[in-house]
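S.K.: Structure file protein25.cif, mmCIF, C-alpha atoms and all ligand atoms, is pasted below:
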data_target
#
loop_
_atom_site.label_atom_id
_atom_site.label_comp_id
_atom_site.auth_asym_id
_atom_site.auth_seq_id
_atom_site.Cartn_x
_atom_site.Cartn_y
_atom_site.Cartn_z
CA MET A 1 48.61 72.95 23.01
CA LEU A 2 46.37 75.75 21.94
CA ARG A 3 43.26 74.69 20.07
CA PRO A 4 41.35 77.84 19.17
CA ALA A 5 37.78 77.62 17.85
CA THR A 6 39.07 78.88 14.53
CA GLY A 7 42.59 78.87 13.19
CA ARG A 8 45.56 76.63 13.60
CA GLN A 9 46.88 74.60 16.48
CA LEU A 10 49.78 76.10 18.36
CA TYR A 11 52.25 74.60 20.78
CA LEU A 12 53.68 76.47 23.73
CA ILE A 13 57.46 76.53 23.40
CA GLU A 14 58.44 78.87 26.19
CA ALA A 15 57.02 81.39 28.63
CA ARG A 16 58.70 83.95 30.81
CA ARG A 17 58.14 87.10 32.81
CA GLU A 18 60.00 90.33 32.22
CA PRO A 19 59.72 93.98 33.20
CA CYS A 20 57.31 95.89 30.98
CA ILE A 21 58.90 98.12 28.34
CA HIS A 22 55.79 100.34 28.15
CA CYS A 23 55.30 101.23 31.79
CA SER A 24 57.65 101.34 34.74
CA THR A 25 55.78 99.14 37.20
CA GLY A 26 54.26 96.30 35.20
CA THR A 27 55.47 92.81 34.47
CA ARG A 28 54.95 91.36 31.03
CA THR A 29 54.06 87.75 30.43
CA VAL A 30 55.80 86.67 27.24
CA SER A 31 55.00 83.38 25.54
CA VAL A 32 56.25 81.76 22.34
CA TRP A 33 53.86 79.54 20.39
CA ALA A 34 54.88 77.41 17.41
CA PHE A 35 52.64 76.27 14.59
CA SER A 36 55.36 74.59 12.52
CA ALA A 37 58.93 73.45 12.98
CA ALA A 38 60.26 76.80 11.87
CA ARG A 39 57.64 79.42 12.61
CA GLY A 40 55.59 80.67 15.47
CA GLU A 41 54.44 83.77 17.21
CA GLU A 42 55.26 85.65 20.34
CA VAL A 43 52.37 86.80 22.50
CA ALA A 44 53.05 89.30 25.26
CA TRP A 45 50.96 91.45 27.52
CA CYS A 46 51.25 93.56 30.61
CA ARG A 47 48.72 93.31 33.43
CA HIS A 48 49.46 96.82 34.55
CA CYS A 49 49.18 98.92 31.37
CA PHE A 50 47.42 96.22 29.30
CA ASN A 51 49.80 96.75 26.44
CA ALA A 52 49.53 93.58 24.36
CA GLU A 53 51.45 92.41 21.35
CA CYS A 54 51.34 89.44 19.03
CA ASP A 55 54.14 89.14 16.51
CA PRO A 56 55.21 86.48 14.01
CA LEU A 57 58.50 84.96 15.09
CA PRO A 58 60.99 82.71 13.28
CA LEU A 59 61.97 80.01 15.76
CA THR A 60 65.51 79.79 17.08
CA GLU A 61 67.48 76.56 17.06
CA GLY A 62 66.57 75.86 20.69
CA GLN A 63 62.89 76.59 20.08
CA ARG A 64 62.87 74.29 17.05
CA SER A 65 64.25 71.41 19.05
CA ARG A 66 61.69 72.09 21.79
CA TYR A 67 58.95 71.92 19.14
CA ALA A 68 60.40 68.63 17.87
CA GLN A 69 60.40 67.22 21.43
CA ILE A 70 56.76 68.19 21.93
CA ARG A 71 55.70 66.66 18.62
CA ALA A 72 57.65 63.49 19.39
CA ALA A 73 55.98 63.18 22.82
CA ILE A 74 52.55 63.54 21.22
CA THR A 75 53.42 60.99 18.53
CA GLN A 76 54.40 58.59 21.33
CA GLY A 77 50.95 58.94 22.83
CA ARG A 78 51.34 61.69 25.44
CA SER A 79 48.27 63.88 25.45
CA PRO A 80 49.05 67.54 25.91
CA SER A 81 47.08 69.99 28.04
CA THR A 82 44.85 71.95 25.71
CA TRP A 83 43.49 75.45 25.99
CA ASP A 84 41.33 77.58 23.73
CA ALA A 85 43.21 80.85 24.18
CA VAL A 86 46.62 82.14 25.19
CA ARG A 87 45.69 83.94 28.38
CA PRO A 88 43.84 81.04 30.07
CA ALA A 89 46.79 78.83 29.13
CA LEU A 90 49.30 81.04 30.91
CA GLU A 91 47.00 81.58 33.89
CA ASP A 92 46.62 77.82 34.19
CA LEU A 93 50.40 77.31 34.15
CA GLU A 94 50.79 80.04 36.74
CA ARG A 95 48.24 78.39 39.04
CA ARG A 96 50.19 75.15 38.75
CA GLY A 97 53.42 76.93 39.59
CA LEU A 98 54.95 76.33 36.18
CA LEU A 99 55.48 79.90 35.14
ZN ZN A 101 53.10 97.80 31.26
#
As C-alpha cells - that is how I would like this structure written.
Ligand SMILES: [Zn+2]

M.R.:
Amino acid sequence: MLRPATGRQLYLIEARREPCIHCSTGTRTVSVWAFSAARGEEVAWCRHCFNAECDPLPLTEGQRSRYAQIRAAITQGRSPSTWDAVRPALEDLERRGLL
C-alpha cells in the first residue's frame, strides 16, 4: 500500500520488468497501482535512460479481482506493507526477491 504524504492511497496490483522502449539497453520497471476497484495508474521508469511515465489506467478484469483480494485481506485484519513513494516500494520488493 502506498501512503503518500499528500494524495490518495494506492494499492500495488502488479509489477514487472520489461525491455525499455526508449533506449536499447535499459530495463523498465513497470508497476500498476489501484486507487479504486476500477481505476488506477501505471508507473514505469528506466534506470538506464531515466525515462519515466505515469499514466491513468482503467483496470482489467484480472487487476480488479486482485484489488478485491487485497481489500478483502485488509478487511480481514492483514496489515499491508506501506511505503510513501513508488520507487522505494519497488526497491523494497526487489530486495526481498519479490520482483
Ligand atoms: Zn531506457

S.K.: Which residues sit within 12 Å of ligand ZN 101 (chain A), counting all atoms listed in the file, listed as a PyMOL selection string?

M.R.: chain A and resi 17-29+44-53

S.K.: Measure the distance from atom CA of A:Trp33 to atom CA of A:Pro58 in Å and round it to one decimal.

M.R.: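 Atom CA of A:Trp33 sits 10.6 Å away from atom CA of A:Pro58.
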
S.K.: Using all atoms listed in the file, which of the listed residues (A:Leu10, A:Val43, A:Met1, A:Ala72) sits closest to A:Arg87?

M.R.: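 That would be A:Val43, the residue with the smallest distance to A:Arg87.
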
S.K.: Which residue, A:Leu12, A:Ser36, A:Leu90, A:Glu41, has the smallest gap to A:Cys54 when you use all atoms listed in the file?

M.R.: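 Using all atoms listed in the file, A:Cys54 sits closest to A:Glu41.
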
S.K.: I'd like the contact shell of A:Asp84 - 6 Å cut-off, all atoms listed in the file, skipping same-chain residues fewer than 3 positions apart - returned as a list of chain:residue names.

M.R.: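 Skipping anything fewer than 3 positions along the chain leaves A:Leu2, A:Arg3, A:Pro4.
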
S.K.: So what do you get for atom CA of A:Arg64 versus atom CA of A:Arg95, distance-wise?

M.R.: 26.7 Å

S.K.: Go ahead and compute the interatomic distance for atom CA of A:Arg16 and atom CA of A:Ser79, in Å to one decimal.

M.R.: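 Those two atoms sit 23.2 Å apart.
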
S.K.: Ranking A:Tyr11, A:Ser31, A:Gly40, A:Thr6 by minimum distance to A:Pro80 and counting all atoms listed in the file, which one comes first?

M.R.: A:Tyr11

S.K.: Export C-alpha atoms of chain A from the structure just given, as a short mmCIF file (atom, residue, chain, number, x, y, z; two decimals), in the first residue's frame?

M.R.:
data_model
loop_
_atom_site.label_atom_id
_atom_site.label_comp_id
_atom_site.auth_asym_id
_atom_site.auth_seq_id
_atom_site.Cartn_x
_atom_site.Cartn_y
_atom_site.Cartn_z
CA MET A 1 0.00 0.00 0.00
CA LEU A 2 1.24 3.40 -0.94
CA ARG A 3 0.50 6.13 1.56
CA PRO A 4 1.90 9.36 0.17
CA ALA A 5 2.16 12.47 2.37
CA THR A 6 -0.50 14.06 0.19
CA GLY A 7 -2.98 12.42 -2.11
CA ARG A 8 -4.80 9.15 -2.13
CA GLN A 9 -3.88 5.68 -1.00
CA LEU A 10 -2.86 3.29 -3.73
CA TYR A 11 -2.53 -0.47 -3.78
CA LEU A 12 0.09 -2.31 -5.77
CA ILE A 13 -1.64 -4.68 -8.16
CA GLU A 14 1.23 -5.90 -10.26
CA ALA A 15 4.87 -5.21 -11.07
CA ARG A 16 7.07 -6.47 -13.85
CA ARG A 17 10.28 -5.83 -15.73
CA GLU A 18 10.46 -5.32 -19.46
CA PRO A 19 12.95 -4.06 -22.03
CA CYS A 20 12.94 -0.27 -22.31
CA ILE A 21 11.14 1.16 -25.34
CA HIS A 22 13.18 4.39 -25.20
CA CYS A 23 16.71 3.03 -25.16
CA SER A 24 18.21 -0.23 -26.34
CA THR A 25 19.99 -1.35 -23.18
CA GLY A 26 17.74 -0.43 -20.27
CA THR A 27 15.15 -2.40 -18.37
CA ARG A 28 11.95 -0.72 -17.32
CA THR A 29 10.25 -1.37 -14.02
CA VAL A 30 6.51 -1.21 -14.62
CA SER A 31 4.03 -1.16 -11.77
CA VAL A 32 0.25 -0.90 -11.64
CA TRP A 33 -1.35 0.87 -8.68
CA ALA A 34 -5.09 0.94 -7.99
CA PHE A 35 -6.97 3.58 -6.06
CA SER A 36 -10.45 2.16 -6.66
CA ALA A 37 -11.99 -1.07 -7.89
CA ALA A 38 -11.97 0.17 -11.46
CA ARG A 39 -9.20 2.70 -11.82
CA GLY A 40 -5.52 3.02 -11.20
CA GLU A 41 -2.32 4.20 -12.72
CA GLU A 42 0.71 2.67 -14.31
CA VAL A 43 4.10 3.92 -13.19
CA ALA A 44 7.15 2.99 -15.23
CA TRP A 45 10.74 4.08 -15.37
CA CYS A 46 14.04 3.04 -16.83
CA ARG A 47 17.21 3.04 -14.75
CA HIS A 48 19.34 3.46 -17.81
CA CYS A 49 17.80 6.42 -19.66
CA PHE A 50 15.65 7.61 -16.72
CA ASN A 51 12.62 7.87 -18.93
CA ALA A 52 9.67 7.83 -16.53
CA GLU A 53 5.96 7.72 -17.15
CA CYS A 54 2.84 7.81 -15.04
CA ASP A 55 -0.44 7.20 -16.81
CA PRO A 56 -4.03 6.72 -15.69
CA LEU A 57 -5.13 3.17 -16.38
CA PRO A 58 -8.55 1.50 -16.36
CA LEU A 59 -8.11 -1.81 -14.56
CA THR A 60 -8.55 -5.09 -16.39
CA GLU A 61 -10.74 -7.87 -15.07
CA GLY A 62 -7.75 -9.65 -13.53
CA GLN A 63 -6.46 -6.46 -11.93
CA ARG A 64 -9.90 -5.73 -10.48
CA SER A 65 -10.08 -9.11 -8.83
CA ARG A 66 -6.56 -8.63 -7.47
CA TYR A 67 -7.68 -5.31 -5.98
CA ALA A 68 -10.71 -7.04 -4.44
CA GLN A 69 -8.44 -9.72 -2.91
CA ILE A 70 -6.18 -7.08 -1.39
CA ARG A 71 -9.09 -5.14 0.07
CA ALA A 72 -10.62 -8.34 1.44
CA ALA A 73 -7.32 -9.31 3.12
CA ILE A 74 -7.09 -5.88 4.74
CA THR A 75 -10.72 -6.07 5.88
CA GLN A 76 -9.88 -9.42 7.49
CA GLY A 77 -7.14 -7.77 9.51
CA ARG A 78 -4.00 -8.31 7.44
CA SER A 79 -1.83 -5.23 7.59
CA PRO A 80 -0.18 -4.39 4.30
CA SER A 81 3.39 -3.18 3.85
CA THR A 82 3.24 0.57 3.41
CA TRP A 83 5.53 2.90 1.53
CA ASP A 84 5.48 6.64 0.92
CA ALA A 85 6.52 6.55 -2.74
CA VAL A 86 6.54 4.22 -5.71
CA ARG A 87 10.27 3.83 -6.17
CA PRO A 88 11.11 2.82 -2.57
CA ALA A 89 8.22 0.35 -2.75
CA LEU A 90 9.63 -1.39 -5.81
CA GLU A 91 13.18 -1.30 -4.47
CA ASP A 92 11.95 -2.90 -1.26
CA LEU A 93 10.19 -5.68 -3.18
CA GLU A 94 13.31 -6.22 -5.24
CA ARG A 95 15.48 -6.54 -2.12
CA ARG A 96 13.06 -9.16 -0.81
CA GLY A 97 13.23 -11.06 -4.08
CA LEU A 98 9.60 -10.41 -4.95
CA LEU A 99 10.10 -8.57 -8.19
#
